[in-house]
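What follows is the content of target-v2.csv, which has CSV, C-alpha atoms:
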```
chain,number,residue,atom,x,y,z
A,25,MET,CA,-22.4,6.6,-6.3
A,26,GLU,CA,-22.7,6.0,-2.5
A,27,PHE,CA,-19.7,5.2,-0.4
A,28,ARG,CA,-21.1,1.8,0.4
A,29,ASP,CA,-21.1,1.0,-3.3
A,30,VAL,CA,-17.5,2.0,-3.6
A,31,PHE,CA,-16.6,0.0,-0.6
A,32,SER,CA,-18.3,-3.1,-2.0
A,33,ALA,CA,-16.1,-2.8,-5.1
A,34,VAL,CA,-13.1,-2.9,-2.9
A,35,CYS,CA,-14.4,-6.0,-1.1
A,36,ILE,CA,-15.1,-7.8,-4.4
A,37,SER,CA,-11.8,-6.8,-5.9
A,38,LEU,CA,-9.9,-8.3,-2.9
A,39,SER,CA,-12.1,-11.4,-3.0
A,40,LEU,CA,-11.5,-12.0,-6.7
A,41,VAL,CA,-7.7,-12.0,-6.3
A,42,CYS,CA,-7.1,-13.4,-2.8
A,43,THR,CA,-6.8,-17.1,-3.7
A,44,LEU,CA,-4.8,-16.6,-6.9
A,45,PRO,CA,-1.3,-16.1,-5.3
A,46,GLN,CA,-1.8,-19.4,-3.5
A,47,ALA,CA,-2.8,-21.1,-6.6
A,48,TYR,CA,0.1,-19.5,-8.5
A,49,ARG,CA,2.6,-20.6,-5.8
A,50,VAL,CA,1.6,-24.3,-5.7
A,51,LEU,CA,1.8,-24.4,-9.5
A,52,VAL,CA,5.0,-22.5,-10.1
A,53,HIS,CA,6.9,-24.0,-7.1
A,54,ASN,CA,5.3,-27.4,-7.7
A,55,THR,CA,4.8,-28.0,-4.0
A,56,VAL,CA,2.0,-28.0,-1.5
A,57,GLU,CA,4.3,-28.3,1.5
A,58,GLY,CA,2.8,-26.7,4.6
A,59,VAL,CA,-0.6,-26.2,3.0
A,60,SER,CA,-3.4,-27.7,5.2
A,61,PRO,CA,-5.7,-30.1,3.4
A,62,PRO,CA,-8.6,-29.5,5.8
A,63,THR,CA,-8.3,-25.7,5.3
A,64,GLN,CA,-8.5,-26.0,1.6
A,65,LEU,CA,-11.5,-28.5,1.7
A,66,GLN,CA,-13.3,-26.4,4.2
A,67,GLY,CA,-12.7,-23.2,2.2
A,68,PHE,CA,-14.2,-24.9,-0.8
A,69,ALA,CA,-17.1,-26.2,1.2
A,70,GLY,CA,-17.7,-22.8,2.8
A,71,SER,CA,-17.8,-21.1,-0.6
A,72,ILE,CA,-20.5,-23.5,-1.7
A,73,LEU,CA,-22.6,-22.6,1.3
A,74,TRP,CA,-22.1,-18.9,0.8
A,75,ILE,CA,-23.0,-19.1,-2.9
A,76,VAL,CA,-26.3,-20.8,-2.0
A,77,TYR,CA,-27.0,-18.3,0.7
A,78,GLY,CA,-26.1,-15.4,-1.6
A,79,LEU,CA,-28.4,-16.6,-4.3
A,80,HIS,CA,-31.2,-17.0,-1.9
A,81,SER,CA,-30.7,-13.6,-0.2
A,82,GLY,CA,-29.9,-11.8,-3.4
A,83,THR,CA,-26.4,-10.8,-2.2
A,84,TYR,CA,-24.8,-11.3,-5.6
A,85,LEU,CA,-21.5,-9.7,-4.4
A,86,VAL,CA,-21.1,-12.6,-2.0
A,87,VAL,CA,-21.9,-15.1,-4.8
A,88,LEU,CA,-19.3,-13.7,-7.2
A,89,ALA,CA,-16.6,-13.5,-4.5
A,90,ASN,CA,-17.1,-17.1,-3.5
A,91,MET,CA,-17.1,-18.3,-7.1
A,92,MET,CA,-13.6,-16.9,-7.5
A,93,THR,CA,-12.6,-18.5,-4.2
A,94,ILE,CA,-13.7,-21.8,-5.6
A,95,VAL,CA,-11.5,-21.4,-8.6
A,96,GLY,CA,-8.4,-20.5,-6.6
A,97,VAL,CA,-8.9,-23.1,-3.9
A,98,GLY,CA,-9.9,-25.7,-6.5
A,99,ILE,CA,-6.5,-25.3,-8.2
A,100,VAL,CA,-4.8,-25.9,-4.9
A,101,ILE,CA,-6.9,-29.0,-4.2
A,102,VAL,CA,-6.1,-30.4,-7.6
A,103,GLN,CA,-2.4,-30.0,-6.9
A,104,MET,CA,-2.8,-31.6,-3.4
A,105,VAL,CA,-4.5,-34.6,-5.1
A,106,ARG,CA,-1.6,-34.8,-7.6
A,107,HIS,CA,1.0,-34.6,-4.8
A,108,LYS,CA,-1.0,-37.3,-2.9
A,109,THR,CA,-1.5,-35.2,0.2
A,110,ILE,CA,-5.3,-35.7,-0.1
A,111,GLY,CA,-7.3,-38.4,-1.8
A,112,SER,CA,-9.7,-37.6,-4.7
A,113,THR,CA,-12.4,-39.8,-3.1
A,114,ARG,CA,-12.3,-37.7,0.0
A,115,VAL,CA,-12.5,-34.5,-2.0
A,116,ALA,CA,-15.5,-35.7,-3.9
A,117,ALA,CA,-17.3,-37.0,-0.8
A,118,VAL,CA,-16.8,-33.8,1.1
A,119,GLU,CA,-18.0,-31.5,-1.7
A,120,VAL,CA,-21.0,-33.5,-2.8
A,121,GLY,CA,-22.0,-33.8,0.9
A,122,VAL,CA,-21.8,-30.0,1.3
A,123,VAL,CA,-23.9,-29.4,-1.8
A,124,VAL,CA,-26.6,-31.7,-0.5
A,125,LEU,CA,-26.4,-30.2,3.0
A,126,SER,CA,-26.7,-26.6,1.6
A,127,LEU,CA,-29.8,-27.5,-0.4
A,128,VAL,CA,-31.4,-29.2,2.5
A,129,LEU,CA,-30.7,-26.3,4.8
A,130,LEU,CA,-32.0,-23.8,2.2
A,131,MET,CA,-35.3,-25.7,2.0
A,132,SER,CA,-35.7,-26.1,5.7
A,133,SER,CA,-34.2,-22.9,7.2
A,134,PRO,CA,-32.3,-20.2,5.3
A,135,THR,CA,-31.3,-18.8,8.6
A,136,MET,CA,-29.7,-22.1,9.6
A,137,LEU,CA,-27.9,-22.2,6.2
A,138,ALA,CA,-26.4,-18.8,6.9
A,139,PHE,CA,-25.4,-19.9,10.4
A,140,VAL,CA,-23.6,-23.0,9.1
A,141,ALA,CA,-21.9,-20.9,6.4
A,142,VAL,CA,-20.6,-18.6,9.1
A,143,VAL,CA,-19.3,-21.5,11.2
A,144,VAL,CA,-17.6,-23.2,8.3
A,145,GLY,CA,-16.3,-20.0,6.8
A,146,SER,CA,-14.8,-18.7,10.0
A,147,THR,CA,-13.2,-21.9,11.2
A,148,GLY,CA,-11.8,-23.2,8.0
A,149,ILE,CA,-8.7,-21.2,8.4
A,150,LEU,CA,-7.9,-22.8,11.8
A,151,PRO,CA,-6.2,-26.0,10.6
A,152,GLN,CA,-3.8,-23.8,8.6
A,153,VAL,CA,-3.1,-21.8,11.7
A,154,ILE,CA,-2.3,-25.0,13.6
A,155,ARG,CA,0.0,-26.2,10.7
A,156,ALA,CA,1.7,-22.8,10.6
A,157,ALA,CA,2.3,-22.9,14.4
A,158,ARG,CA,3.7,-26.4,14.4
A,159,THR,CA,6.2,-26.2,11.6
A,160,GLN,CA,8.6,-23.8,9.8
A,161,HIS,CA,8.2,-25.8,6.6
A,162,LEU,CA,5.6,-23.6,4.8
A,163,THR,CA,7.2,-23.6,1.4
A,164,GLY,CA,3.9,-24.0,-0.4
A,165,VAL,CA,2.0,-21.3,1.6
A,166,SER,CA,1.6,-18.0,-0.1
A,167,VAL,CA,2.3,-14.9,2.0
A,168,ALA,CA,0.4,-12.7,-0.5
A,169,THR,CA,-2.8,-14.8,-0.2
A,170,TYR,CA,-3.0,-14.6,3.6
A,171,ALA,CA,-2.0,-10.9,3.7
A,172,ILE,CA,-4.8,-10.2,1.2
A,173,ILE,CA,-7.2,-12.3,3.2
A,174,ALA,CA,-6.5,-10.3,6.3
A,175,VAL,CA,-7.2,-7.0,4.5
A,176,MET,CA,-10.2,-8.5,2.7
A,177,SER,CA,-11.7,-9.8,5.9
A,178,MET,CA,-11.5,-6.4,7.5
A,179,SER,CA,-13.2,-5.0,4.5
A,180,TRP,CA,-16.0,-7.7,4.5
A,181,PHE,CA,-16.5,-7.0,8.2
A,182,ALA,CA,-17.1,-3.3,7.5
A,183,TYR,CA,-19.3,-4.1,4.5
A,184,GLY,CA,-21.4,-6.5,6.5
A,185,ILE,CA,-22.0,-3.8,9.1
A,186,MET,CA,-22.9,-1.3,6.4
A,187,ILE,CA,-25.6,-3.6,4.9
A,188,ASP,CA,-26.8,-4.8,8.4
A,189,ASP,CA,-25.9,-8.4,7.5
A,190,TYR,CA,-24.1,-9.8,10.5
A,191,PHE,CA,-23.8,-13.2,8.9
A,192,VAL,CA,-21.4,-11.5,6.4
A,193,ALA,CA,-19.5,-9.6,9.1
A,194,ALA,CA,-19.2,-12.3,11.8
A,195,PRO,CA,-16.7,-14.8,10.4
A,196,ASN,CA,-14.1,-12.1,10.1
A,197,PHE,CA,-13.5,-11.9,13.8
A,198,ILE,CA,-11.6,-15.1,13.5
A,199,ILE,CA,-10.3,-14.8,10.0
A,200,VAL,CA,-8.4,-11.5,10.3
A,201,PRO,CA,-6.0,-12.4,13.1
A,202,SER,CA,-5.6,-16.0,11.8
A,203,ALA,CA,-4.6,-14.8,8.3
A,204,ALA,CA,-2.2,-12.3,9.7
A,205,PHE,CA,-0.5,-15.0,11.8
A,206,ILE,CA,-0.2,-17.4,8.9
A,207,ALA,CA,1.3,-14.7,6.7
A,208,PHE,CA,3.9,-13.9,9.4
A,209,ARG,CA,4.9,-17.5,9.8
A,210,ALA,CA,5.1,-18.0,6.0
A,211,VAL,CA,7.4,-15.1,5.7
A,212,ARG,CA,9.8,-16.6,8.3
A,213,SER,CA,9.6,-20.0,6.5
A,214,HIS,CA,10.4,-18.5,3.1
A,215,GLN,CA,13.4,-16.7,4.5
A,216,LEU,CA,14.7,-19.9,6.0
A,217,HIS,CA,14.0,-22.1,3.0
A,218,SER,CA,14.3,-19.5,0.2
A,219,LYS,CA,16.7,-21.7,-1.8
A,220,THR,CA,14.6,-24.8,-1.8
A,221,SER,CA,11.2,-25.7,-3.2
A,222,VAL,CA,10.9,-28.7,-0.8
A,223,ALA,CA,12.1,-28.6,2.7
A,224,SER,CA,14.3,-31.4,4.1
A,225,ALA,CA,11.7,-32.6,6.5
A,226,LEU,CA,8.0,-32.8,5.8
A,227,PRO,CA,5.6,-32.0,8.7
A,228,ALA,CA,3.2,-34.7,9.7
A,229,ARG,CA,0.0,-34.5,7.7
```

Please express what this file holds, its structure, as structure tokens.
Amino acid sequence: MEFRDVFSAVCISLSLVCTLPQAYRVLVHNTVEGVSPPTQLQGFAGSILWIVYGLHSGTYLVVLANMMTIVGVGIVIVQMVRHKTIGSTRVAAVEVGVVVLSLVLLMSSPTMLAFVAVVVGSTGILPQVIRAARTQHLTGVSVATYAIIAVMSMSWFAYGIMIDDYFVAAPNFIIVPSAAFIAFRAVRSHQLHSKTSVASALPAR
């Protein structure tokens, strides 16, 4: 077995579990406080784009990883709808629109599909960065998820270089520092609000 194959197993293992701590936290603590709706929606949308790209290019490692991301993020989105921080109509409109867009891009230009996937995938974390920077109330944000994402993104960057697929590698330039910052801010928030599941003042949505 080549080193690249071993490394790909590390990438997929991290990808399979990275969203699960966040899903677990919003379920067990029954709160989505501090979790950014745009980040969750864009994460779901980005995974759809990557799945279509992965199926087209035969990069099934990417497909499997993003299927698991959809499961974890999907749980969070369902909780956000339940807590009324996001509307179900908005969720449906965004995701149906992305499916249509991904198929149109695939038929017209797979390269453009990959480019859009990179843009969506790399910038989706930014609304959560902004939320983390603006408030200490991040009770619903999982430290473990964003710590894993930081390590995972470093791994995906290296794997993308190994297989000469810069579309896989590129998003991680933004994701790694962003995830590390969110994890740091969430640690501070949990220390300040460790005895409460809901902070006394909700940040503006």

Using all atoms listed in the file, which residue out of A:Gly121, A:Pro201, A:Gly70, A:Pro151 lies closest to Val97 of chain A?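 Comparing A:Gly121, A:Pro201, A:Gly70, A:Pro151 against Val97 of chain A, the winner is A:Gly70.
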
Tell me which of A:Ala210, A:Val120, A:Ala157, A:Ala168 sits closest to Ala47 of chain A, counting only C-alpha atoms.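 Checking each candidate against Ala47 of chain A, we get A:Ala168 as the closest.
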
Quick one: distance from atom CA of Val192 of chain A to atom CA of Ser133 of chain A in Å, one decimal?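 Interatomic distance here is 17.2 Å.
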
Find, counting all atoms listed in the file, the residue in A:Val123, A:Ile101, A:Leu88, A:Ala116 that gets nearest to Ala141 of chain A. A:Val123

Selected residue, from A:Gly145, A:Pro61, A:Pro45, A:Gly98, that lies nearest to Leu73 of chain A when counting all atoms listed in the file: A:Gly145

Could you check the closest approach to Ile206 of chain A for each of A:Leu44, A:Trp74, A:Gly111, A:Gly58 and tell me which residue wins, using all atoms listed in the file?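 Using all atoms listed in the file, the shortest distance to Ile206 of chain A belongs to A:Gly58.
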
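Comparing the minimum interatomic distances between Asn196 of chain A and each of A:Ile154, A:Leu79, A:Leu162, A:Val143, counting all atoms listed in the file, we find that A:Val143 sits nearest.
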
Around the point (-3.2, -13.3, 4.2), in the coordinates given by the file, pick out the residues reaching within 9 Å, counting all atoms listed in the file, and return them as a list in words.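 Residues with an atom close enough to that point: Cys42, Ser166, Val167, Ala168, Thr169, Tyr170, Ala171, Ile172, Ile173, Ala174, Val175, Met176, Val200, Ser202, Ala203, Ala204, Phe205, Ile206, Ala207 and Phe208 of chain A.
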
Quick one: everything within 9 Å of segment 127-132 of chain A, counting only C-alpha atoms, minus sequence neighbours fewer than 3 positions away in the same chain. Send it as number ranges by chain. A: 73, 76-77, 80, 122-124, 135-138, 140

Listed atoms of segment 191-202 of chain A boxed axis-aligned with 6 Å per side, centre + edges as lines of an AutoDock Vina configuration file:
```
center_x = -14.7
center_y = -12.8
center_z = 10.1
size_x = 30.2
size_y = 18.4
size_z = 19.4
```

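Note that the spacing between atom CA of Tyr190 of chain A and atom CA of Pro134 of chain A amounts to 14.2 Å.
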
Emit segment 170-184 of chain A of the structure in the block as a file comprising all heavy atoms, as a PDB file, in the first residue's frame.
```pdb
ATOM      1  N   TYR A 170     -14.713  21.969  15.009  1.00  0.00           N
ATOM      2  CA  TYR A 170     -13.839  22.915  14.305  1.00  0.00           C
ATOM      3  C   TYR A 170     -12.367  22.584  14.479  1.00  0.00           C
ATOM      4  O   TYR A 170     -11.549  22.880  13.588  1.00  0.00           O
ATOM      5  CB  TYR A 170     -14.173  24.349  14.720  1.00  0.00           C
ATOM      6  CG  TYR A 170     -15.456  24.784  14.064  1.00  0.00           C
ATOM      7  CD1 TYR A 170     -16.674  24.724  14.742  1.00  0.00           C
ATOM      8  CD2 TYR A 170     -15.480  25.186  12.738  1.00  0.00           C
ATOM      9  CE1 TYR A 170     -17.866  25.069  14.121  1.00  0.00           C
ATOM     10  CE2 TYR A 170     -16.657  25.535  12.106  1.00  0.00           C
ATOM     11  CZ  TYR A 170     -17.844  25.470  12.801  1.00  0.00           C
ATOM     12  OH  TYR A 170     -19.013  25.803  12.165  1.00  0.00           O
ATOM     13  N   ALA A 171     -12.003  21.932  15.583  1.00  0.00           N
ATOM     14  CA  ALA A 171     -10.627  21.445  15.730  1.00  0.00           C
ATOM     15  C   ALA A 171     -10.351  20.340  14.709  1.00  0.00           C
ATOM     16  O   ALA A 171      -9.295  20.311  14.059  1.00  0.00           O
ATOM     17  CB  ALA A 171     -10.401  20.931  17.145  1.00  0.00           C
ATOM     18  N   ILE A 172     -11.327  19.436  14.552  1.00  0.00           N
ATOM     19  CA  ILE A 172     -11.177  18.360  13.569  1.00  0.00           C
ATOM     20  C   ILE A 172     -11.136  18.936  12.158  1.00  0.00           C
ATOM     21  O   ILE A 172     -10.347  18.493  11.308  1.00  0.00           O
ATOM     22  CB  ILE A 172     -12.323  17.333  13.698  1.00  0.00           C
ATOM     23  CG1 ILE A 172     -12.218  16.584  15.031  1.00  0.00           C
ATOM     24  CG2 ILE A 172     -12.271  16.323  12.540  1.00  0.00           C
ATOM     25  CD1 ILE A 172     -13.423  15.719  15.332  1.00  0.00           C
ATOM     26  N   ILE A 173     -11.981  19.935  11.885  1.00  0.00           N
ATOM     27  CA  ILE A 173     -11.994  20.552  10.556  1.00  0.00           C
ATOM     28  C   ILE A 173     -10.635  21.166  10.227  1.00  0.00           C
ATOM     29  O   ILE A 173     -10.157  21.065   9.091  1.00  0.00           O
ATOM     30  CB  ILE A 173     -13.111  21.610  10.459  1.00  0.00           C
ATOM     31  CG1 ILE A 173     -14.475  20.923  10.386  1.00  0.00           C
ATOM     32  CG2 ILE A 173     -12.911  22.508   9.228  1.00  0.00           C
ATOM     33  CD1 ILE A 173     -15.652  21.878  10.427  1.00  0.00           C
ATOM     34  N   ALA A 174     -10.003  21.805  11.215  1.00  0.00           N
ATOM     35  CA  ALA A 174      -8.685  22.404  10.974  1.00  0.00           C
ATOM     36  C   ALA A 174      -7.663  21.335  10.583  1.00  0.00           C
ATOM     37  O   ALA A 174      -6.918  21.491   9.598  1.00  0.00           O
ATOM     38  CB  ALA A 174      -8.215  23.158  12.217  1.00  0.00           C
ATOM     39  N   VAL A 175      -7.641  20.245  11.334  1.00  0.00           N
ATOM     40  CA  VAL A 175      -6.701  19.151  11.034  1.00  0.00           C
ATOM     41  C   VAL A 175      -7.069  18.477   9.711  1.00  0.00           C
ATOM     42  O   VAL A 175      -6.205  18.184   8.882  1.00  0.00           O
ATOM     43  CB  VAL A 175      -6.692  18.121  12.177  1.00  0.00           C
ATOM     44  CG1 VAL A 175      -5.809  16.925  11.820  1.00  0.00           C
ATOM     45  CG2 VAL A 175      -6.209  18.768  13.468  1.00  0.00           C
ATOM     46  N   MET A 176      -8.367  18.251   9.516  1.00  0.00           N
ATOM     47  CA  MET A 176      -8.847  17.615   8.294  1.00  0.00           C
ATOM     48  C   MET A 176      -8.488  18.430   7.059  1.00  0.00           C
ATOM     49  O   MET A 176      -8.063  17.885   6.037  1.00  0.00           O
ATOM     50  CB  MET A 176     -10.358  17.440   8.371  1.00  0.00           C
ATOM     51  CG  MET A 176     -10.996  16.869   7.111  1.00  0.00           C
ATOM     52  SD  MET A 176     -12.801  17.069   7.146  1.00  0.00           S
ATOM     53  CE  MET A 176     -12.929  18.855   6.864  1.00  0.00           C
ATOM     54  N   SER A 177      -8.644  19.743   7.148  1.00  0.00           N
ATOM     55  CA  SER A 177      -8.373  20.602   5.999  1.00  0.00           C
ATOM     56  C   SER A 177      -6.890  20.613   5.650  1.00  0.00           C
ATOM     57  O   SER A 177      -6.527  20.663   4.471  1.00  0.00           O
ATOM     58  CB  SER A 177      -8.864  22.025   6.275  1.00  0.00           C
ATOM     59  OG  SER A 177     -10.266  22.043   6.402  1.00  0.00           O
ATOM     60  N   MET A 178      -6.043  20.545   6.666  1.00  0.00           N
ATOM     61  CA  MET A 178      -4.607  20.422   6.391  1.00  0.00           C
ATOM     62  C   MET A 178      -4.323  19.110   5.657  1.00  0.00           C
ATOM     63  O   MET A 178      -3.493  19.054   4.743  1.00  0.00           O
ATOM     64  CB  MET A 178      -3.807  20.498   7.694  1.00  0.00           C
ATOM     65  CG  MET A 178      -3.742  21.892   8.290  1.00  0.00           C
ATOM     66  SD  MET A 178      -2.630  22.032   9.713  1.00  0.00           S
ATOM     67  CE  MET A 178      -3.628  21.264  10.997  1.00  0.00           C
ATOM     68  N   SER A 179      -5.032  18.064   6.064  1.00  0.00           N
ATOM     69  CA  SER A 179      -4.848  16.759   5.424  1.00  0.00           C
ATOM     70  C   SER A 179      -5.347  16.764   3.980  1.00  0.00           C
ATOM     71  O   SER A 179      -4.700  16.227   3.081  1.00  0.00           O
ATOM     72  CB  SER A 179      -5.589  15.683   6.227  1.00  0.00           C
ATOM     73  OG  SER A 179      -5.118  15.620   7.552  1.00  0.00           O
ATOM     74  N   TRP A 180      -6.535  17.384   3.750  1.00  0.00           N
ATOM     75  CA  TRP A 180      -7.065  17.458   2.395  1.00  0.00           C
ATOM     76  C   TRP A 180      -6.165  18.299   1.487  1.00  0.00           C
ATOM     77  O   TRP A 180      -6.023  17.991   0.295  1.00  0.00           O
ATOM     78  CB  TRP A 180      -8.471  18.053   2.398  1.00  0.00           C
ATOM     79  CG  TRP A 180      -9.549  17.047   2.679  1.00  0.00           C
ATOM     80  CD1 TRP A 180     -10.374  17.012   3.753  1.00  0.00           C
ATOM     81  CD2 TRP A 180      -9.910  15.916   1.865  1.00  0.00           C
ATOM     82  NE1 TRP A 180     -11.229  15.933   3.665  1.00  0.00           N
ATOM     83  CE2 TRP A 180     -10.969  15.250   2.528  1.00  0.00           C
ATOM     84  CE3 TRP A 180      -9.437  15.405   0.661  1.00  0.00           C
ATOM     85  CZ2 TRP A 180     -11.568  14.107   2.006  1.00  0.00           C
ATOM     86  CZ3 TRP A 180     -10.034  14.259   0.148  1.00  0.00           C
ATOM     87  CH2 TRP A 180     -11.084  13.623   0.811  1.00  0.00           C
ATOM     88  N   PHE A 181      -5.579  19.326   2.044  1.00  0.00           N
ATOM     89  CA  PHE A 181      -4.642  20.127   1.261  1.00  0.00           C
ATOM     90  C   PHE A 181      -3.476  19.265   0.780  1.00  0.00           C
ATOM     91  O   PHE A 181      -3.127  19.272  -0.411  1.00  0.00           O
ATOM     92  CB  PHE A 181      -4.118  21.300   2.083  1.00  0.00           C
ATOM     93  CG  PHE A 181      -3.017  22.067   1.393  1.00  0.00           C
ATOM     94  CD1 PHE A 181      -3.316  22.977   0.390  1.00  0.00           C
ATOM     95  CD2 PHE A 181      -1.688  21.861   1.742  1.00  0.00           C
ATOM     96  CE1 PHE A 181      -2.303  23.669  -0.262  1.00  0.00           C
ATOM     97  CE2 PHE A 181      -0.678  22.548   1.098  1.00  0.00           C
ATOM     98  CZ  PHE A 181      -0.981  23.456   0.094  1.00  0.00           C
ATOM     99  N   ALA A 182      -2.898  18.517   1.704  1.00  0.00           N
ATOM    100  CA  ALA A 182      -1.774  17.652   1.347  1.00  0.00           C
ATOM    101  C   ALA A 182      -2.196  16.584   0.347  1.00  0.00           C
ATOM    102  O   ALA A 182      -1.472  16.285  -0.614  1.00  0.00           O
ATOM    103  CB  ALA A 182      -1.196  17.001   2.606  1.00  0.00           C
ATOM    104  N   TYR A 183      -3.390  16.018   0.544  1.00  0.00           N
ATOM    105  CA  TYR A 183      -3.875  14.978  -0.368  1.00  0.00           C
ATOM    106  C   TYR A 183      -4.116  15.546  -1.759  1.00  0.00           C
ATOM    107  O   TYR A 183      -3.791  14.911  -2.771  1.00  0.00           O
ATOM    108  CB  TYR A 183      -5.168  14.364   0.182  1.00  0.00           C
ATOM    109  CG  TYR A 183      -5.733  13.268  -0.699  1.00  0.00           C
ATOM    110  CD1 TYR A 183      -5.122  12.013  -0.752  1.00  0.00           C
ATOM    111  CD2 TYR A 183      -6.859  13.491  -1.477  1.00  0.00           C
ATOM    112  CE1 TYR A 183      -5.628  11.011  -1.559  1.00  0.00           C
ATOM    113  CE2 TYR A 183      -7.376  12.493  -2.293  1.00  0.00           C
ATOM    114  CZ  TYR A 183      -6.756  11.255  -2.326  1.00  0.00           C
ATOM    115  OH  TYR A 183      -7.259  10.264  -3.143  1.00  0.00           O
ATOM    116  N   GLY A 184      -4.681  16.751  -1.834  1.00  0.00           N
ATOM    117  CA  GLY A 184      -4.901  17.389  -3.130  1.00  0.00           C
ATOM    118  C   GLY A 184      -3.605  17.595  -3.897  1.00  0.00           C
ATOM    119  O   GLY A 184      -3.551  17.407  -5.115  1.00  0.00           O
TER     120      GLY A 184
END
```
